[in-house]
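S.K.: My structure is below; once you've seen it, I'll send some questions.
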Amino acid sequence: MAYELNGKTIETNENGYLLDHNDWNEELAQVIANEEGLGELTDKHWDIINYLRDEYINNAGTQPNERTILKAMGEKWGAKIGQKDTFALFPKMPSKQGGKVAGLPESRRKGGY
């Protein structure tokens, strides 16, 4: 599988995750989101995407689990949030589907740990 964007082919694994996170850009994120059925990305989508990218790129490849995302977004959004809030944005798991839209490698983490 691959994505086509502006005449460039961007390679992915068999599940649609980018092979090189450096190929990612915001325009490609919207293409991936459309493929995932998410529609137009909102500011809250971008908050999660940017958080996941920052953790991966600037924190030794960390891929946060759902609880960690909830805590970080609760702090960012200034409210107590629940899983339904993040799953409303990324129904196929914020850590996995959000990571896919963020251009990160496929997480092999099982469960929430």
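By convention here, the chains of the structure tokens are called A, B, ... in the order presented, each chain's residues are numbered starting at 1, and ligands are numbered starting at 1 in the order presented.
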Mind listing the strand (DSSP E) residues of chain A, per DSSP on the backbone, as a count of residues only?

M.R.: 8

S.K.: If you count only C-alpha atoms, which residues fall within 10 Å of segment 99-110 of chain A, apart from same-chain ones fewer than 5 positions away, as number ranges by chain?

M.R.: A: 12-13, 15-26, 28-36, 38, 41, 45-46, 48-54, 56-57, 61-65, 90, 93-94

S.K.: Excluding same-chain residues fewer than 6 positions from Thr86 of chain A, what lies within 12 Å of it counting only C-alpha atoms, as an MDAnalysis selection string?

M.R.: chainID A and resid 44:49 65:74 77 80 92:98

S.K.: For each of A:Ile81, A:Lys76, A:Thr9, A:Asn58, take the minimum atom-to-atom distance to Asp43 of chain A, counting only C-alpha atoms, then give the residue where this is smallest.

M.R.: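 Using only C-alpha atoms, Asp43 of chain A sits closest to A:Lys76.
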
S.K.: Could you state the separation of atom CA of Gly37 of chain A and atom CA of Asn59 of chain A in Å, given to one decimal place?

M.R.: 29.3 Å

S.K.: Quick one: of A:Ala60, A:Asp85, A:Glu27, A:Glu14, who's nearest to Ala2 of chain A, counting only C-alpha atoms?

M.R.: A:Glu14

S.K.: Which of segment 7-81 of chain A end up as helix (DSSP H, G or I) when DSSP is run on this backbone - answer as a ChimeraX atom specification?

M.R.: /A:21-23,26-35,43-58,66-77

S.K.: Any idea what the distance is between atom CA of Gly39 of chain A and atom CA of Phe87 of chain A?

M.R.: 14.5 Å

S.K.: So how far away is atom CA of Ala88 of chain A from atom CA of Glu40 of chain A, in Å?

M.R.: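 These atoms are spaced 13.4 Å apart.
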